[in-house]
Structures are given as C-alpha cells and as structure tokens.
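Dropping target.json in here (JSON, C-alpha atoms and all ligand atoms):
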[["chain", "number", "residue", "atom", "x", "y", "z"],
["D", 214, "MET", "CA", 0.00, 0.00, 0.00],
["D", 215, "LYS", "CA", 2.97, 2.31, 0.62],
["D", 216, "PHE", "CA", 3.78, 1.88, -3.07],
["D", 217, "LEU", "CA", 0.29, 3.10, -4.04],
["D", 218, "SER", "CA", 0.58, 6.22, -1.88],
["D", 219, "ARG", "CA", 3.26, 7.51, -4.28],
["D", 220, "TYR", "CA", 0.57, 7.91, -6.93],
["D", 221, "THR", "CA", -2.42, 10.24, -7.12],
["D", 222, "PRO", "CA", -5.91, 8.70, -7.70],
["D", 223, "LEU", "CA", -5.85, 10.09, -11.24],
["D", 224, "GLN", "CA", -2.51, 8.43, -12.00],
["D", 225, "ILE", "CA", -3.79, 5.09, -10.68],
["D", 226, "ALA", "CA", -7.03, 5.42, -12.69],
["D", 227, "ILE", "CA", -5.09, 6.16, -15.90],
["D", 228, "HIS", "CA", -2.71, 3.20, -15.51],
["D", 229, "VAL", "CA", -5.51, 0.81, -14.57],
["D", 230, "TYR", "CA", -7.69, 1.95, -17.48],
["D", 231, "ALA", "CA", -4.82, 1.86, -19.98],
["D", 232, "TRP", "CA", -3.77, -1.69, -19.11],
["D", 233, "SER", "CA", -7.37, -2.96, -18.73],
["D", 234, "ALA", "CA", -7.82, -3.63, -22.47],
["D", 235, "LEU", "CA", -4.72, -5.84, -22.68],
["D", 236, "VAL", "CA", -5.52, -7.63, -19.41],
["D", 237, "TRP", "CA", -9.07, -8.27, -20.64],
["D", 238, "ILE", "CA", -7.84, -9.64, -23.96],
["D", 239, "VAL", "CA", -5.32, -11.96, -22.27],
["D", 240, "ALA", "CA", -7.96, -13.14, -19.74],
["D", 241, "GLU", "CA", -10.43, -13.95, -22.53],
["D", 242, "LEU", "CA", -7.75, -15.71, -24.58],
["D", 243, "LEU", "CA", -6.73, -17.82, -21.57],
["D", 244, "THR", "CA", -10.32, -18.77, -20.71],
["D", 245, "GLY", "CA", -11.22, -19.54, -24.33],
["D", 246, "THR", "CA", -13.97, -16.90, -24.41],
["D", 247, "PHE", "CA", -12.37, -14.69, -27.06],
["D", 248, "SER", "CA", -14.05, -13.94, -30.38],
["D", 249, "ILE", "CA", -14.43, -16.52, -33.15],
["D", 250, "ASN", "CA", -12.69, -13.96, -35.38],
["D", 251, "PRO", "CA", -9.73, -13.23, -33.09],
["D", 252, "ILE", "CA", -7.53, -11.17, -35.44],
["D", 253, "GLN", "CA", -10.31, -8.76, -36.41],
["D", 254, "GLU", "CA", -11.39, -8.52, -32.76],
["D", 255, "LEU", "CA", -7.81, -7.75, -31.68],
["D", 256, "GLU", "CA", -7.48, -5.09, -34.41],
["D", 257, "GLN", "CA", -10.75, -3.47, -33.41],
["D", 258, "ARG", "CA", -10.19, -3.50, -29.64],
["D", 259, "THR", "CA", -6.63, -2.13, -29.80],
["D", 260, "GLY", "CA", -7.73, 0.52, -32.34],
["D", 261, "ARG", "CA", -10.62, 1.65, -30.14],
["D", 262, "HIS", "CA", -8.47, 1.76, -27.02],
["D", 263, "ALA", "CA", -5.86, 3.81, -28.90],
["D", 264, "ILE", "CA", -8.40, 6.40, -30.09],
["D", 265, "THR", "CA", -10.03, 6.54, -26.63],
["D", 266, "LEU", "CA", -6.69, 7.24, -24.93],
["D", 267, "LEU", "CA", -5.92, 9.86, -27.57],
["D", 268, "VAL", "CA", -9.25, 11.57, -26.94],
["D", 269, "LEU", "CA", -8.64, 11.43, -23.17],
["D", 270, "SER", "CA", -5.27, 13.14, -23.72],
["D", 271, "LEU", "CA", -7.09, 15.90, -25.61],
["D", 272, "MET", "CA", -9.46, 16.36, -22.66],
["D", 273, "CYS", "CA", -6.68, 17.44, -20.31],
["D", 274, "THR", "CA", -6.47, 21.07, -21.44],
["D", 275, "PRO", "CA", -10.25, 21.76, -21.38],
["D", 276, "VAL", "CA", -10.54, 20.11, -17.96],
["D", 277, "ASN", "CA", -7.79, 22.40, -16.67],
["D", 278, "THR", "CA", -9.43, 25.48, -18.21],
["D", 279, "ILE", "CA", -12.92, 24.70, -16.94],
["D", 280, "PHE", "CA", -12.16, 23.33, -13.47],
["D", 281, "LYS", "CA", -8.80, 25.04, -12.89],
["D", 282, "TRP", "CA", -7.50, 21.57, -12.07],
["D", 283, "SER", "CA", -3.94, 21.35, -13.28],
["D", 284, "GLU", "CA", -3.13, 17.69, -12.63],
["D", 285, "PRO", "CA", -4.57, 16.43, -15.95],
["D", 286, "LEU", "CA", -1.99, 18.59, -17.76],
["D", 287, "LYS", "CA", 0.74, 16.49, -16.14],
["D", 288, "ARG", "CA", -0.96, 13.30, -17.28],
["D", 289, "ARG", "CA", -1.24, 14.22, -20.96],
["D", 290, "ARG", "CA", 2.08, 12.58, -21.79],
["D", 291, "THR", "CA", 1.12, 9.30, -20.11],
["D", 292, "LEU", "CA", -2.20, 9.18, -21.96],
["D", 293, "GLY", "CA", -0.51, 10.05, -25.26],
["D", 294, "LEU", "CA", 2.15, 7.37, -24.80],
["D", 295, "TYR", "CA", -0.44, 4.76, -23.94],
["D", 296, "ALA", "CA", -2.39, 5.78, -27.08],
["D", 297, "PHE", "CA", 0.83, 5.30, -29.09],
["D", 298, "MET", "CA", 1.45, 1.92, -27.41],
["D", 299, "TYR", "CA", -2.01, 0.63, -28.41],
["D", 300, "ALA", "CA", -1.73, 2.12, -31.91],
["D", 301, "THR", "CA", 1.60, 0.28, -32.30],
["D", 302, "ILE", "CA", 0.07, -3.02, -31.12],
["D", 303, "HIS", "CA", -2.86, -2.37, -33.52],
["D", 304, "VAL", "CA", -0.46, -1.88, -36.45],
["D", 305, "ILE", "CA", 1.64, -4.93, -35.50],
["D", 306, "ILE", "CA", -1.50, -7.10, -35.37],
["D", 307, "PHE", "CA", -2.49, -5.83, -38.81],
["D", 308, "ALA", "CA", 0.95, -6.28, -40.39],
["D", 309, "ASP", "CA", 2.01, -9.48, -38.68],
["D", 310, "LEU", "CA", -1.02, -11.50, -37.54],
["D", 311, "ASP", "CA", -3.34, -10.38, -40.36],
["D", 312, "TYR", "CA", -0.86, -10.18, -43.26],
["D", 313, "GLY", "CA", 2.03, -12.32, -41.99],
["D", 314, "LEU", "CA", 4.44, -9.49, -42.91],
["D", 315, "ALA", "CA", 3.81, -10.19, -46.59],
["D", 316, "TRP", "CA", 4.85, -6.68, -47.60],
["D", 317, "SER", "CA", 3.73, -6.73, -51.24],
["D", 318, "ARG", "CA", 0.23, -7.94, -50.28],
["D", 319, "LEU", "CA", 0.18, -5.44, -47.46],
["D", 320, "ILE", "CA", 1.11, -2.51, -49.69],
["D", 321, "GLN", "CA", -1.48, -3.60, -52.26],
["D", 322, "GLU", "CA", -4.14, -3.64, -49.52],
["D", 323, "LEU", "CA", -3.10, -0.14, -48.37],
["D", 324, "VAL", "CA", -3.25, 1.22, -51.92],
["D", 325, "GLU", "CA", -6.70, -0.27, -52.47],
["D", 326, "LYS", "CA", -8.17, 1.01, -49.19],
["D", 327, "PRO", "CA", -7.73, 4.75, -48.61],
["D", 328, "ARG", "CA", -9.09, 4.39, -45.05],
["D", 329, "LEU", "CA", -5.95, 2.40, -44.26],
["D", 330, "ILE", "CA", -3.75, 5.13, -45.79],
["D", 331, "VAL", "CA", -5.43, 7.60, -43.40],
["D", 332, "GLY", "CA", -4.51, 5.24, -40.51],
["D", 333, "VAL", "CA", -0.92, 5.04, -41.75],
["D", 334, "ILE", "CA", -0.66, 8.86, -41.90],
["D", 335, "ALA", "CA", -2.10, 9.16, -38.37],
["D", 336, "PHE", "CA", 0.33, 6.53, -37.08],
["D", 337, "ALA", "CA", 3.31, 8.11, -38.86],
["D", 338, "LEU", "CA", 2.45, 11.47, -37.27],
["D", 339, "LEU", "CA", 2.12, 9.88, -33.83],
["D", 340, "ILE", "CA", 5.70, 8.53, -33.95],
["D", 341, "PRO", "CA", 7.58, 11.86, -33.63],
["D", 342, "LEU", "CA", 5.14, 13.00, -30.93],
["D", 343, "ALA", "CA", 5.78, 9.88, -28.85],
["D", 344, "PHE", "CA", 9.56, 10.06, -29.22],
["D", 345, "THR", "CA", 9.78, 13.77, -28.43],
["D", 346, "SER", "CA", 7.34, 13.66, -25.53],
["D", 347, "PHE", "CA", 10.16, 13.52, -22.96],
["D", 348, "ASP", "CA", 11.52, 16.54, -21.10],
["D", 349, "ILE", "CA", 14.92, 16.36, -22.79],
["D", 350, "TRP", "CA", 13.26, 16.90, -26.19],
["D", 351, "LYS", "CA", 11.06, 19.65, -24.78],
["D", 352, "LYS", "CA", 14.23, 21.51, -23.82],
["D", 353, "ARG", "CA", 16.05, 20.74, -27.08],
["D", 354, "LEU", "CA", 13.20, 21.76, -29.37],
["D", 355, "GLY", "CA", 12.16, 24.90, -27.45],
["D", 356, "LYS", "CA", 9.26, 26.67, -29.14],
["D", 357, "ASN", "CA", 9.17, 24.08, -31.92],
["D", 358, "TRP", "CA", 8.16, 21.41, -29.38],
["D", 359, "LYS", "CA", 4.77, 23.06, -28.88],
["D", 360, "ARG", "CA", 4.34, 23.52, -32.62],
["D", 361, "LEU", "CA", 5.18, 19.85, -33.24],
["D", 362, "HIS", "CA", 2.82, 18.62, -30.55],
["D", 363, "LYS", "CA", -0.06, 20.60, -32.02],
["D", 364, "LEU", "CA", -0.05, 17.83, -34.64],
["D", 365, "VAL", "CA", -2.30, 15.92, -32.24],
["D", 366, "TYR", "CA", -5.14, 18.17, -33.44],
["D", 367, "LEU", "CA", -4.60, 16.77, -36.93],
["D", 368, "ILE", "CA", -4.01, 13.19, -35.78],
["D", 369, "ALA", "CA", -7.30, 13.03, -33.84],
["D", 370, "PRO", "CA", -9.57, 13.88, -36.82],
["D", 371, "LEU", "CA", -7.52, 11.52, -39.02],
["D", 372, "THR", "CA", -8.06, 8.63, -36.61],
["D", 373, "PHE", "CA", -11.76, 9.50, -36.46],
["D", 374, "LEU", "CA", -11.89, 9.38, -40.29],
["D", 375, "HIS", "CA", -10.01, 6.06, -40.27],
["D", 376, "TYR", "CA", -12.48, 4.71, -37.68],
["D", 377, "ILE", "CA", -15.75, 5.79, -39.29],
["D", 378, "TRP", "CA", -14.54, 4.74, -42.74],
["D", 379, "SER", "CA", -14.00, 1.20, -41.50],
["D", 380, "LYS", "CA", -17.64, 0.95, -40.37],
["D", 381, "LYS", "CA", -20.72, 0.10, -42.38],
["D", 382, "GLY", "CA", -23.78, 2.29, -42.03],
["D", 383, "ASP", "CA", -25.60, 5.40, -43.06],
["D", 384, "LEU", "CA", -24.37, 8.69, -41.65],
["D", 385, "LEU", "CA", -27.60, 10.59, -42.23],
["D", 386, "SER", "CA", -30.01, 8.08, -40.70],
["D", 387, "LEU", "CA", -27.42, 6.88, -38.14],
["D", 388, "GLN", "CA", -28.21, 3.33, -39.20],
["D", 389, "GLY", "CA", -25.60, 0.60, -38.85],
["D", 390, "GLU", "CA", -22.31, 0.89, -36.98],
["D", 391, "VAL", "CA", -21.70, 4.64, -37.31],
["D", 392, "ALA", "CA", -23.12, 5.87, -33.99],
["D", 393, "LYS", "CA", -20.04, 5.02, -31.89],
["D", 394, "PRO", "CA", -17.43, 6.52, -34.23],
["D", 395, "LEU", "CA", -19.65, 9.59, -34.65],
["D", 396, "THR", "CA", -19.64, 10.07, -30.88],
["D", 397, "TYR", "CA", -15.82, 10.13, -30.97],
["D", 398, "GLY", "CA", -15.98, 12.56, -33.90],
["D", 399, "LEU", "CA", -18.30, 14.85, -31.99],
["D", 400, "ILE", "CA", -16.03, 14.86, -28.92],
["D", 401, "ILE", "CA", -12.97, 15.56, -31.10],
["D", 402, "ALA", "CA", -14.84, 18.40, -32.86],
["D", 403, "VAL", "CA", -15.75, 19.95, -29.50],
["D", 404, "PHE", "CA", -12.10, 19.79, -28.38],
["D", 405, "LEU", "CA", -10.95, 21.37, -31.62],
["D", 406, "ILE", "CA", -13.50, 24.18, -31.27],
["D", 407, "PHE", "CA", -12.27, 24.60, -27.71],
["D", 408, "ARG", "CA", -8.79, 25.32, -29.12],
["D", 409, "ILE", "CA", -10.06, 28.59, -30.58],
["D", 410, "PRO", "CA", -8.69, 31.17, -28.09],
["D", 411, "ALA", "CA", -11.81, 33.40, -28.07],
["D", 412, "ILE", "CA", -14.06, 30.43, -27.28],
["D", 413, "ARG", "CA", -11.68, 29.14, -24.61],
["D", 414, "LYS", "CA", -11.61, 32.56, -22.92],
["D", 415, "ALA", "CA", -15.40, 32.96, -23.08],
["D", 416, "LEU", "CA", -15.97, 29.52, -21.61],
["D", 417, "ALA", "CA", -13.43, 30.00, -18.81],
["D", 418, "SER", "CA", -15.13, 33.22, -17.70],
["D", 419, "PHE", "CA", -18.59, 31.67, -18.06],
["D", 420, "ILE", "CA", -17.93, 28.72, -15.71],
["D", 421, "PRO", "CA", -19.46, 29.46, -12.28],
["D", 422, "ARG", "CA", -16.78, 29.78, -9.58],
["D", 423, "ARG", "CA", -18.28, 26.99, -7.45],
["D", 424, "MET", "CA", -17.66, 24.52, -10.28],
["D", 425, "VAL", "CA", -13.95, 25.19, -10.05],
["D", 426, "LEU", "CA", -12.07, 22.68, -7.93],
["D", 427, "PRO", "CA", -10.16, 24.19, -4.99],
["D", 428, "ALA", "CA", -6.40, 24.40, -5.62],
["D", 429, "LYS", "CA", -4.59, 21.48, -4.00],
["D", 430, "LYS", "CA", -2.02, 22.17, -1.34],
["D", 431, "ASP", "CA", 0.18, 19.24, -2.23],
["D", 432, "ALA", "CA", 1.33, 20.63, -5.39],
["D", 433, "GLN", "CA", 3.09, 19.08, -8.26],
["D", 434, "PRO", "CA", 3.12, 15.30, -8.61],
["D", 435, "LYS", "CA", 5.72, 14.37, -11.18],
["D", 436, "ALA", "CA", 4.63, 13.52, -14.70],
["D", 437, "ASP", "CA", 4.63, 9.75, -15.09],
["D", 438, "THR", "CA", 5.08, 7.55, -18.12],
["D", 439, "PRO", "CA", 3.82, 4.06, -18.96],
["Q", 1, "LIG", "C1", -0.43, 1.83, -40.06],
["Q", 1, "LIG", "C2", -1.55, 2.36, -39.55],
["Q", 1, "LIG", "C3", -2.86, 1.60, -39.38],
["Q", 1, "LIG", "C4", -3.35, 0.49, -39.99],
["Q", 1, "LIG", "C5", -2.71, -0.32, -41.10],
["Q", 1, "LIG", "C6", -4.65, 0.20, -39.42],
["Q", 1, "LIG", "C7", -5.48, -0.86, -39.76],
["Q", 1, "LIG", "C8", -6.77, -1.02, -39.37],
["Q", 1, "LIG", "C9", -7.67, -2.01, -39.84],
["Q", 1, "LIG", "C10", -7.34, -3.10, -40.87],
["Q", 1, "LIG", "C11", -8.86, -1.82, -39.24],
["Q", 1, "LIG", "C12", -10.17, -2.57, -39.50],
["Q", 1, "LIG", "C13", -10.40, -3.67, -38.53],
["Q", 1, "LIG", "C14", -11.73, -4.32, -38.93],
["Q", 1, "LIG", "O1", -12.79, -3.79, -38.60],
["Q", 1, "LIG", "O2", -11.69, -5.35, -39.57],
["Q", 1, "LIG", "C15", -8.71, -0.70, -38.36],
["Q", 1, "LIG", "C16", -9.70, -0.19, -37.58],
["Q", 1, "LIG", "C17", -9.50, 0.79, -36.62],
["Q", 1, "LIG", "N1", -8.33, 1.46, -36.36],
["Q", 1, "LIG", "FE1", -6.63, 1.30, -37.40],
["Q", 1, "LIG", "N2", -4.90, 1.14, -38.46],
["Q", 1, "LIG", "C18", -3.84, 2.01, -38.40],
["Q", 1, "LIG", "C19", -3.70, 3.08, -37.54],
["Q", 1, "LIG", "C20", -4.56, 3.40, -36.55],
["Q", 1, "LIG", "C21", -4.34, 4.41, -35.54],
["Q", 1, "LIG", "C22", -3.08, 5.29, -35.43],
["Q", 1, "LIG", "C23", -5.44, 4.42, -34.73],
["Q", 1, "LIG", "C24", -5.77, 5.23, -33.49],
["Q", 1, "LIG", "C25", -4.92, 5.99, -32.82],
["Q", 1, "LIG", "C26", -6.38, 3.44, -35.25],
["Q", 1, "LIG", "C27", -7.63, 3.19, -34.74],
["Q", 1, "LIG", "C28", -8.55, 2.34, -35.32],
["Q", 1, "LIG", "C29", -9.92, 2.22, -34.89],
["Q", 1, "LIG", "C30", -10.57, 3.00, -33.76],
["Q", 1, "LIG", "C31", -10.52, 1.25, -35.71],
["Q", 1, "LIG", "C32", -11.98, 0.77, -35.68],
["Q", 1, "LIG", "C33", -12.16, -0.26, -34.59],
["Q", 1, "LIG", "C34", -13.56, -0.84, -34.64],
["Q", 1, "LIG", "O3", -13.96, -1.31, -35.70],
["Q", 1, "LIG", "O4", -14.25, -0.81, -33.61],
["Q", 1, "LIG", "N3", -5.80, 2.84, -36.35],
["Q", 1, "LIG", "N4", -7.43, -0.24, -38.45]]

Please express the file's structure as structure tokens.
Amino acid sequence: MKFLSRYTPLQIAIHVYAWSALVWIVAELLTGTFSINPIQELEQRTGRHAITLLVLSLMCTPVNTIFKWSEPLKRRRTLGLYAFMYATIHVIIFADLDYGLAWSRLIQELVEKPRLIVGVIAFALLIPLAFTSFDIWKKRLGKNWKRLHKLVYLIAPLTFLHYIWSKKGDLLSLQGEVAKPLTYGLIIAVFLIFRIPAIRKALASFIPRRMVLPAKKDAQPKADTP
C-alpha cells in the first residue's frame, strides 16, 4: 500500500484503465472466451483503445481550463504514450497476424483502401510525438516542441476518419455501426472548437466559480510515463 501512496488517484485510474484492455484480452484468450474472429477482434479493440486514450489526452487542457485543475496537464504525456502503445500493437496485429508481414500484399491492400492510408498517416504522425514527448526533447526543441505537438489536433480527426470509414452504415439516418465513431468525432470536434482562443476565454469566464475545484495544497506530482 505504501507503493500506491506515491501515486495520485488520477494516476492510478489512468494506468488501470490503460492496461485494462490488454488484461481483458489476455484473460479472454486464456479462458477460451475470445471472439471466433480473433484477429479482427484484436485489431478493433486495440484501435478503439488507442483512439479513446488519444481523446482522453485531448481532454486534459479543457478540464484544466474549466475546473482550474492542473493535474490532468501532467498526465497528458502518459495518456498520449499509452495511445501510441495501443496504436503500435494495432499496427503490429495488422501487419504481422493479419498479413504475416507479406509486404507486397500489405502494400497492395493499403493502396486499395484509402481508409488504411489515413490510418498510416495518423500513425506516422504519432511517432515523432511519442519520441519527443520527454523533457529532454522539450528543452532541445524549445518553441518548436509546442508547434510539433499541435499535430495531435490533426491526428485526432484523421483517426476518427479512419475509424468511421471502417464501419458500415448510413451517416444521415445513423443506421448501422456509425453511432459510436460519430460520438468520438463529436467529442474531437468539441475539443478542436475549444482550441479557438476566443471560445476558450469565453468559456473560462462563463464557468461558475463553485464549479472550479479548490487548488490542491500538495502541489506538483511528477509527470509519469507508462
Ligand atoms: C499503419 C496504420 C494503421 C493500420 C494499417 C490500421 C489498420 C486497421 C484495420 C485493418 C482496421 C479494420 C479492422 C476491422 O474492422 O476489420 C482498423 C480499424 C481501426 N483502427 Fe486502425 N490502423 C492504423 C492506424 C490506426 C491508428 C493510429 C489508430 C488510433 C490511434 C487506429 C484506430 C482504429 C480504430 C478505432 C478502428 C476501428 C475499430 C472498430 O472497428 O471498432 N488505427 N485499423
């Protein structure tokens, strides 16, 4: 229990949530209750967990602005790195388990399905963000670090596009499998709108004071990484 006291409740919640998808998958595989189409199921679950963690990382700034609660800002890196971890597992499952690393077949599939190209672009953009997320790179890159990390506001809509494109259904009547990806799209759109400085300022001044969490005395828990 002494070990746990080193972490804040938010840190514990993030680590537990992030690992839960993998633990669940392993538990189902061990008990023989996993899907009858395991590769597709693995692709879908890791993809969804990756986009969810990415969206959670986008939530940190609005939560800080609305509730004046600064801890989520320190957890953005952890959430982003977990999103990258799941996206990497997702890509490995696709390339290795699904296509057996048959590169020519794999490239042909990518060329034929633009939704996969969108996924590749999103993943390629995530790589520099993950590798430069550490303090040493923050110092080295200076102002460019912030510019580079704004790419997340491009990556999020790209992953939404990749997600909704892989689902069957009708966008207008909300028939089929589009409701869930559309919910992600809506959340991402709200976060992007929230990036507009005038809207951010208006919202911050609009929030009633009693909604704002009291500042914590204990201060600055260190940023953690997965
Ligand atoms: C090299 C890059 C990528 C490739 C080749 C790829 C491949 C795929 C494939 C084949 C599927 C369809 C699975 C199916 O329904 O049969 C899929 C779905 C999905 N991918 Fe990716 N992906 C890539 C990058 C990403 C990234 C970076 C993310 C998120 C951060 C992501 C999130 C998703 C999501 C959310 C789904 C839909 C899951 C569902 O159907 O519930 N993908 N991807």

Checklist entry - Could you pull the residues within 10 Å of Val333 in chain D, counting only C-alpha atoms, minus those fewer than 6 positions along the same chain, as a PyMOL selection string? => result chain D and resi 304+323+327+339+371-372+375

Next on the checklist: Which residue is closest to Arg328 in chain D? Choose from D:Leu374, D:Leu361, D:Met298, D:Leu367 and count all atoms listed in the file.
Outcome noted: D:Leu374

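Considering only C-alpha atoms, the residue among D:Leu255, D:Gln388, D:Thr278, D:Leu292 positioned nearest to Arg413 in chain D is D:Thr278.
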
Checklist entry - Hey, what's within 8 Å of Tyr397 in chain D if we count all atoms listed in the file and toss same-chain stuff fewer than 4 positions away? As JSON, numbers by chain, please? => result {"D": [268, 373, 393, 401]}

Checklist entry - Which residue out of D:Ala343, D:Ile420, D:Ala369, D:Cys273 has the minimum interatomic distance to ligand LIG 1 (chain Q) when all atoms listed in the file are used? => result D:Ala369

Item to check | Given 8 Å and all atoms listed in the file, residues near ligand LIG 1 (chain Q) as a PyMOL selection string | outcome: chain D and resi 253-254+256-265+267+296-297+299-301+303-304+307-308+323+329-337+339+368-369+372-373+375-377+379-380+394

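Nearest to Ser346 in chain D of all the residues D:Lys326, D:Arg288, D:Lys281, D:Lys414 is D:Arg288, based on only C-alpha atoms.
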
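Proximity of D:Pro285, D:Pro275, D:Gly245, D:Gly313 to Ala226 in chain D, computed with all atoms listed in the file, is greatest for D:Pro285.
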
Next on the checklist: Residues within 10 Å of Arg289 in chain D, please, as number ranges by chain. Count all atoms listed in the file; anything in the same chain fewer than 3 positions from it doesn't count.
Outcome noted: D: 266-267, 269-274, 284-286, 292-295, 346, 436-438

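Straight-line separation from CA of Ile279 in chain D to CA of Ser418 in chain D: 8.8 Å.
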
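The gap separating CA of Val276 in chain D from CA of Leu395 in chain D is 21.7 Å, in Å to one decimal.
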
Checklist entry - What is the distance between CA of Gly398 in chain D and CA of Pro370 in chain D, in Å to one decimal? => result 7.2 Å

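Residue nearest Leu405 in chain D, chosen from D:Val365, D:Leu217, D:Pro341, D:Thr291 and counting all atoms listed in the file: D:Val365.
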
List the residues sitting within 12 Å of (-6.7, -10.9, -23.7) in the file's frame, using only C-alpha atoms, as a compact mmCIF listing (two decimals) with C-alpha atoms, keeping the file's coordinate frame.
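That gives us point.txt:
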# COMPACT_ATOMS: atom_id res chain seq x y z
CA TRP D 232 -3.77 -1.69 -19.11
CA SER D 233 -7.37 -2.96 -18.73
CA ALA D 234 -7.82 -3.63 -22.47
CA LEU D 235 -4.72 -5.84 -22.68
CA VAL D 236 -5.52 -7.63 -19.41
CA TRP D 237 -9.07 -8.27 -20.64
CA ILE D 238 -7.84 -9.64 -23.96
CA VAL D 239 -5.32 -11.96 -22.27
CA ALA D 240 -7.96 -13.14 -19.74
CA GLU D 241 -10.43 -13.95 -22.53
CA LEU D 242 -7.75 -15.71 -24.58
CA LEU D 243 -6.73 -17.82 -21.57
CA THR D 244 -10.32 -18.77 -20.71
CA GLY D 245 -11.22 -19.54 -24.33
CA THR D 246 -13.97 -16.90 -24.41
CA PHE D 247 -12.37 -14.69 -27.06
CA SER D 248 -14.05 -13.94 -30.38
CA PRO D 251 -9.73 -13.23 -33.09
CA ILE D 252 -7.53 -11.17 -35.44
CA GLU D 254 -11.39 -8.52 -32.76
CA LEU D 255 -7.81 -7.75 -31.68
CA ARG D 258 -10.19 -3.50 -29.64
CA THR D 259 -6.63 -2.13 -29.80

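Remark: residues at most 6 Å from position (-9.4, 22.8, -32.5) in file coordinates are Phe404, Leu405, Ile406, Phe407 and Arg408 of chain D, using only C-alpha atoms.
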
Item to check | Within 10 Å of Lys381 in chain D using only C-alpha atoms, minus same-chain residues under 5 positions, as an MDAnalysis selection string | outcome: chainID D and resid 388:391

How would range 335-359 of chain D read, as a JSON list (two decimals), keeping the file's coordinate frame, once N, CA and C atoms are built in?
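Full text of selection29.json as output:
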[["chain", "number", "residue", "atom", "x", "y", "z"],
["D", 335, "ALA", "N", -1.91, 8.84, -39.79],
["D", 335, "ALA", "CA", -2.10, 9.16, -38.37],
["D", 335, "ALA", "C", -1.00, 8.50, -37.54],
["D", 336, "PHE", "N", -0.69, 7.24, -37.86],
["D", 336, "PHE", "CA", 0.33, 6.53, -37.08],
["D", 336, "PHE", "C", 1.71, 7.16, -37.30],
["D", 337, "ALA", "N", 1.99, 7.50, -38.55],
["D", 337, "ALA", "CA", 3.31, 8.11, -38.86],
["D", 337, "ALA", "C", 3.47, 9.44, -38.11],
["D", 338, "LEU", "N", 2.37, 10.19, -37.98],
["D", 338, "LEU", "CA", 2.45, 11.47, -37.27],
["D", 338, "LEU", "C", 2.58, 11.27, -35.76],
["D", 339, "LEU", "N", 2.04, 10.15, -35.29],
["D", 339, "LEU", "CA", 2.12, 9.88, -33.83],
["D", 339, "LEU", "C", 3.56, 9.58, -33.40],
["D", 340, "ILE", "N", 4.34, 8.98, -34.32],
["D", 340, "ILE", "CA", 5.70, 8.53, -33.95],
["D", 340, "ILE", "C", 6.57, 9.68, -33.42],
["D", 341, "PRO", "N", 6.72, 10.79, -34.18],
["D", 341, "PRO", "CA", 7.58, 11.86, -33.63],
["D", 341, "PRO", "C", 7.04, 12.45, -32.33],
["D", 342, "LEU", "N", 5.71, 12.47, -32.18],
["D", 342, "LEU", "CA", 5.14, 13.00, -30.93],
["D", 342, "LEU", "C", 5.53, 12.12, -29.75],
["D", 343, "ALA", "N", 5.44, 10.80, -29.95],
["D", 343, "ALA", "CA", 5.78, 9.88, -28.85],
["D", 343, "ALA", "C", 7.26, 10.01, -28.49],
["D", 344, "PHE", "N", 8.12, 10.04, -29.51],
["D", 344, "PHE", "CA", 9.56, 10.06, -29.22],
["D", 344, "PHE", "C", 10.04, 11.38, -28.64],
["D", 345, "THR", "N", 9.33, 12.47, -28.96],
["D", 345, "THR", "CA", 9.78, 13.77, -28.43],
["D", 345, "THR", "C", 8.95, 14.20, -27.21],
["D", 346, "SER", "N", 8.21, 13.25, -26.63],
["D", 346, "SER", "CA", 7.34, 13.66, -25.53],
["D", 346, "SER", "C", 8.12, 13.84, -24.22],
["D", 347, "PHE", "N", 9.39, 13.45, -24.21],
["D", 347, "PHE", "CA", 10.16, 13.52, -22.96],
["D", 347, "PHE", "C", 10.79, 14.90, -22.76],
["D", 348, "ASP", "N", 11.05, 15.20, -21.46],
["D", 348, "ASP", "CA", 11.52, 16.54, -21.10],
["D", 348, "ASP", "C", 12.77, 16.97, -21.87],
["D", 349, "ILE", "N", 13.66, 16.02, -22.10],
["D", 349, "ILE", "CA", 14.92, 16.36, -22.79],
["D", 349, "ILE", "C", 14.63, 16.96, -24.18],
["D", 350, "TRP", "N", 13.62, 16.40, -24.86],
["D", 350, "TRP", "CA", 13.26, 16.90, -26.19],
["D", 350, "TRP", "C", 12.52, 18.23, -26.09],
["D", 351, "LYS", "N", 11.78, 18.39, -25.00],
["D", 351, "LYS", "CA", 11.06, 19.65, -24.78],
["D", 351, "LYS", "C", 12.09, 20.79, -24.71],
["D", 352, "LYS", "N", 13.18, 20.51, -23.97],
["D", 352, "LYS", "CA", 14.23, 21.51, -23.82],
["D", 352, "LYS", "C", 14.93, 21.74, -25.16],
["D", 353, "ARG", "N", 15.29, 20.64, -25.83],
["D", 353, "ARG", "CA", 16.05, 20.74, -27.08],
["D", 353, "ARG", "C", 15.28, 21.49, -28.16],
["D", 354, "LEU", "N", 13.98, 21.20, -28.26],
["D", 354, "LEU", "CA", 13.20, 21.76, -29.37],
["D", 354, "LEU", "C", 12.65, 23.16, -29.07],
["D", 355, "GLY", "N", 12.65, 23.56, -27.83],
["D", 355, "GLY", "CA", 12.16, 24.90, -27.45],
["D", 355, "GLY", "C", 10.75, 25.14, -27.95],
["D", 356, "LYS", "N", 10.61, 26.30, -28.67],
["D", 356, "LYS", "CA", 9.26, 26.67, -29.14],
["D", 356, "LYS", "C", 8.70, 25.66, -30.15],
["D", 357, "ASN", "N", 9.62, 25.03, -30.89],
["D", 357, "ASN", "CA", 9.17, 24.08, -31.92],
["D", 357, "ASN", "C", 8.48, 22.85, -31.32],
["D", 358, "TRP", "N", 8.78, 22.58, -30.04],
["D", 358, "TRP", "CA", 8.16, 21.41, -29.38],
["D", 358, "TRP", "C", 6.63, 21.58, -29.36],
["D", 359, "LYS", "N", 6.21, 22.79, -28.96],
["D", 359, "LYS", "CA", 4.77, 23.06, -28.88],
["D", 359, "LYS", "C", 4.13, 22.97, -30.27]]
